[in-house]
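Encoded as structure tokens, the structure appears first; notes follow it.
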Amino acid sequence: MSSYKKIDTIIIKDVTHTYKTETGLLPVIKNLNMSVPENGFTAVVGPSGCGKSTLTKLISGLLQPDAGEVYLNGEKITTPRPTVGMAFQNPVLLEWRSIIKNVMLPLEIVPNKLNSLEKEQRAKQLLSLVGLEGFEEKKPSELSGGMRQRASLCRALVHKPEVLILDEPFGALDAFTREDLWQVMHNLRKEEPFTGILITHDLREAIFLADEVIVLSGRPASKQFFIKVPKFKTPKLESLYTSKSIDMLKNLRKQIEIAQNQQEQNK
Amino acid sequence: MRHILVPLYAIIIFLVLWELLVWVNEWPNYKMASPSDIWPAFWKFKVLFFQYGWDTLWRTVVGLFIAVLCGVFLGMIMGFSKVLREAIYPLLVGFNAIPKATVVPIIALMFVGQHDLNTVLIAFMISFFPIAVSVSIGLSTLEPEYRDILRSLGASKSLIFWKIALPKTLPEFFGALKVAVTLAFIGTNLMEIVSPHGRGLGALFDSGKTNSDYPLMFAVLIALALLGIGLYYVVVVLEKIFAGWAERSTD
């Protein structure tokens, strides 16, 4: 790393991870290198079961790599740390808590100096940012799937994490709701800048939301291909239908096919 | 108002039909007592009914309380450790499969004359199993994402238990408690009926039998039903308070 360049927020260096199963060793990630600069947002795509979710666990410190290192802001990750926010495909809201109490959950665990009023204000501010104003006191069961996922995003961001990890957060939503939430993500990024990784199967989602898209090879995963996405000034869905976007999508699709074939052969 | 009146009418219709059945068949009261026989029988022994009713009640509640403590403890062990679950589960199933009526004389002989202890023991033994199973299933089926959300923030194991695992298991726990409360009640009465010179509604039932006082036996049955309903609804109220969030509105 050159000294004049600001250090990247997330650095994954030569990471290898292998699961021990009953039938033997299952290598899922091999010599993976990637990094995300401060306030950057990188999408990771790849064939199903190629180790994308393992990657999120390695970055959040829930798993330790067998070899290689993961750095957050220059610090090597060895245990889970409160500077990470996560959201999954399943919004995993606590059914017995109101929406606002769900959003405030990380503030009950992560050490902070906010008093209870400030915590509430922080949660309210985020909820209104994602369009959930007026739903603070509702229970999760009273909300639609898209709304629950919005609340889950707020919970992931409420403690101002250094890194936001999104593991297919919109995977279970219908197409139109998903597109609404893409806009919500752009809003959030504008108002609450974060450094993030997005795991997804949706290539349109990847190029619409991220600054860079990384294609992982089939298992064991390593970086096979990456593409920088030019930033749209005002992100609009129409931009996905320009010839430039379509070329990018075609290119990514081809790379996914290569990765899928490779994973088939490795079986 | 409707949810009070409808069950009330149902009870009245039930009593009238019962009375009619006995009257039409001209059954003597040793074959089947009619509702009109029951009130005098109750009134004759009203002091005993309250005394023994209280005995039955507190024994059941104490037995159930111990069952909750042991059941939750066993459930937690089995929910958190797969190895211990595999070790304990078959034992529990075997223990639960033994009809408790066969255990009653054994316990009665083991602690001769200690009616309170014996009764509480049977109430406990018959009712802890569903609690242990439901708590263990509740804990072991906790979706891993719930744990990951808290673990990724650096939460300790006990914090994860208090914030997520425990509240998430409460609906299952109360479901089991509704079964357990009825079972504990059965256990109490089993022991009271079998154990000689005992106290409690079961003993009153037994003395009705030995003295051929059939209306008394039926009066005890009604008293037991009322106590059972009371206990059950106490659990329902507790469930509403602590796990009301799990209720889906049906409209």
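Lettering and numbering for the structure tokens are positional, with chains as A, B, ... in the shown order, residues counted from 1 in each chain, and ligands counted from 1 in the shown order.
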- Counting only C-alpha atoms, which residues from chain A have an atom at most 9 Å from any atom of chain B, and could you show them as JSON, numbers by chain? {"A": [57, 60, 61, 62, 79, 80, 81, 82, 83, 84, 85, 86, 87, 88, 90, 91, 92, 93, 94, 95, 96, 97, 105, 106, 109, 110, 139, 141, 156]}
Limited to C-alpha atoms, could you put the picked residues into a file as a JSON list (two decimals), in the first residue's frame?
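File out.json, as written:
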[["chain", "number", "residue", "atom", "x", "y", "z"],
["A", 57, "LYS", "CA", -19.31, -13.58, 7.63],
["A", 60, "SER", "CA", -18.22, -9.09, 9.85],
["A", 61, "GLY", "CA", -15.81, -11.19, 11.91],
["A", 62, "LEU", "CA", -18.34, -13.97, 12.53],
["A", 79, "THR", "CA", -13.67, -10.96, 16.27],
["A", 80, "PRO", "CA", -17.12, -9.46, 15.57],
["A", 81, "ARG", "CA", -17.08, -5.72, 16.04],
["A", 82, "PRO", "CA", -19.82, -3.19, 16.65],
["A", 83, "THR", "CA", -18.72, -1.08, 13.69],
["A", 84, "VAL", "CA", -20.52, -3.36, 11.26],
["A", 85, "GLY", "CA", -24.16, -3.20, 10.19],
["A", 86, "MET", "CA", -25.85, -6.16, 8.53],
["A", 87, "ALA", "CA", -29.08, -6.83, 6.65],
["A", 88, "PHE", "CA", -30.15, -10.15, 5.17],
["A", 90, "ASN", "CA", -34.86, -12.28, 5.82],
["A", 91, "PRO", "CA", -35.41, -8.95, 7.61],
["A", 92, "VAL", "CA", -35.27, -10.78, 11.01],
["A", 93, "LEU", "CA", -37.18, -8.12, 12.90],
["A", 94, "LEU", "CA", -38.10, -8.98, 16.47],
["A", 95, "GLU", "CA", -41.86, -9.58, 16.36],
["A", 96, "TRP", "CA", -42.45, -8.50, 19.95],
["A", 97, "ARG", "CA", -40.94, -5.07, 19.46],
["A", 105, "LEU", "CA", -31.71, -2.53, 18.97],
["A", 106, "PRO", "CA", -28.04, -2.02, 17.95],
["A", 109, "ILE", "CA", -25.67, -3.32, 22.39],
["A", 110, "VAL", "CA", -23.06, -1.07, 20.85],
["A", 139, "LYS", "CA", -45.42, -4.20, 15.03],
["A", 141, "SER", "CA", -46.36, -8.25, 11.54],
["A", 156, "ALA", "CA", -28.29, -1.85, 10.05]]
- Message: So that I can see what lies close to stretch 187-202 of chain A, please list as a ChimeraX atom specification the residues with an atom at most 7 Å from it, counting only C-alpha atoms and leaving out residues fewer than 3 positions away in the same chain.
- Response: /A:38-45,52,129,162-168,183-184,205-206
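Between atom CA of B:Ile229 and atom CA of B:Met125 there is a distance of 21.2 Å.
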- From atom CA of B:Ile131 to atom CA of B:Gly71 the spacing works out at 5.1 Å
- Message: Just want the 10 Å neighbourhood of stretch 222-224 of chain B, counted on only C-alpha atoms, with same-chain residues fewer than 3 positions away dropped. Output as a list of chain:residue names.
- Response: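 Surrounding residues, per the criterion: B:Pro35, B:Ile38, B:Phe42, B:Phe49, B:Phe50, B:Gly53, B:Thr56, B:Leu57, B:Phe185, B:Ile186, B:Asn189, B:Leu201, B:Gly202, B:Leu216, B:Met217, B:Phe218, B:Ala219, B:Leu227, B:Gly228, B:Ile229, B:Gly230.
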- Message: So that I can check the surroundings of B:Ala165, please list as a list in words every protein, DNA and RNA residue that reaches within 8 Å of it, counting only C-alpha atoms and ignoring chain neighbours fewer than 5 positions away.
- Response: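 Everything that qualifies: Gly138, Leu139, Leu142 and Ile160 of chain B.
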- Task: List every residue of stretch 15-69 of chain B that DSSP, applied to the backbone of this structure, places in helix (DSSP H, G or I), and write the result as a PyMOL selection string.
- Result: chain B and resi 15-25+35-44+46-69
- Message: Env of stretch 66-73 of chain A: 6 Å cut, atoms = only C-alpha atoms, seq-sep filter 3 positions within chain, self excluded. Answer as number ranges by chain.
- Response: A: 9-17, 76-77
Restricting it to C-alpha atoms, dump the selection as a compact mmCIF listing (two decimals), in the first residue's frame.
# COMPACT_ATOMS: atom_id res chain seq x y z
CA THR A 9 -12.04 0.96 4.33
CA ILE A 10 -12.43 -2.74 3.55
CA ILE A 11 -9.41 -4.74 2.45
CA ILE A 12 -9.57 -8.47 1.81
CA LYS A 13 -6.10 -9.86 1.28
CA ASP A 14 -5.37 -13.38 -0.01
CA VAL A 15 -8.30 -14.79 1.96
CA THR A 16 -8.90 -18.53 1.85
CA HIS A 17 -11.65 -20.33 3.72
CA LYS A 76 -7.18 -6.62 11.21
CA ILE A 77 -10.50 -8.35 11.99
- Message: I need the residues of stretch 13-249 of chain A that end up classed as strand (DSSP E or B) by DSSP on the backbone, written out as an NGL selection string.
- Response: :A and (13-21 or 24-36 or 41-45 or 67-72 or 75-76 or 84-88 or 163-167 or 195-199 or 212-216 or 221 or 223-228)
- Task: Give the answer as one residue: which of A:Glu136, A:Phe208, A:Leu157, A:Ile258 has the shortest atom-to-atom distance to A:Thr242, using only C-alpha atoms?
- Result: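 The answer is A:Phe208, which sits nearest to A:Thr242.
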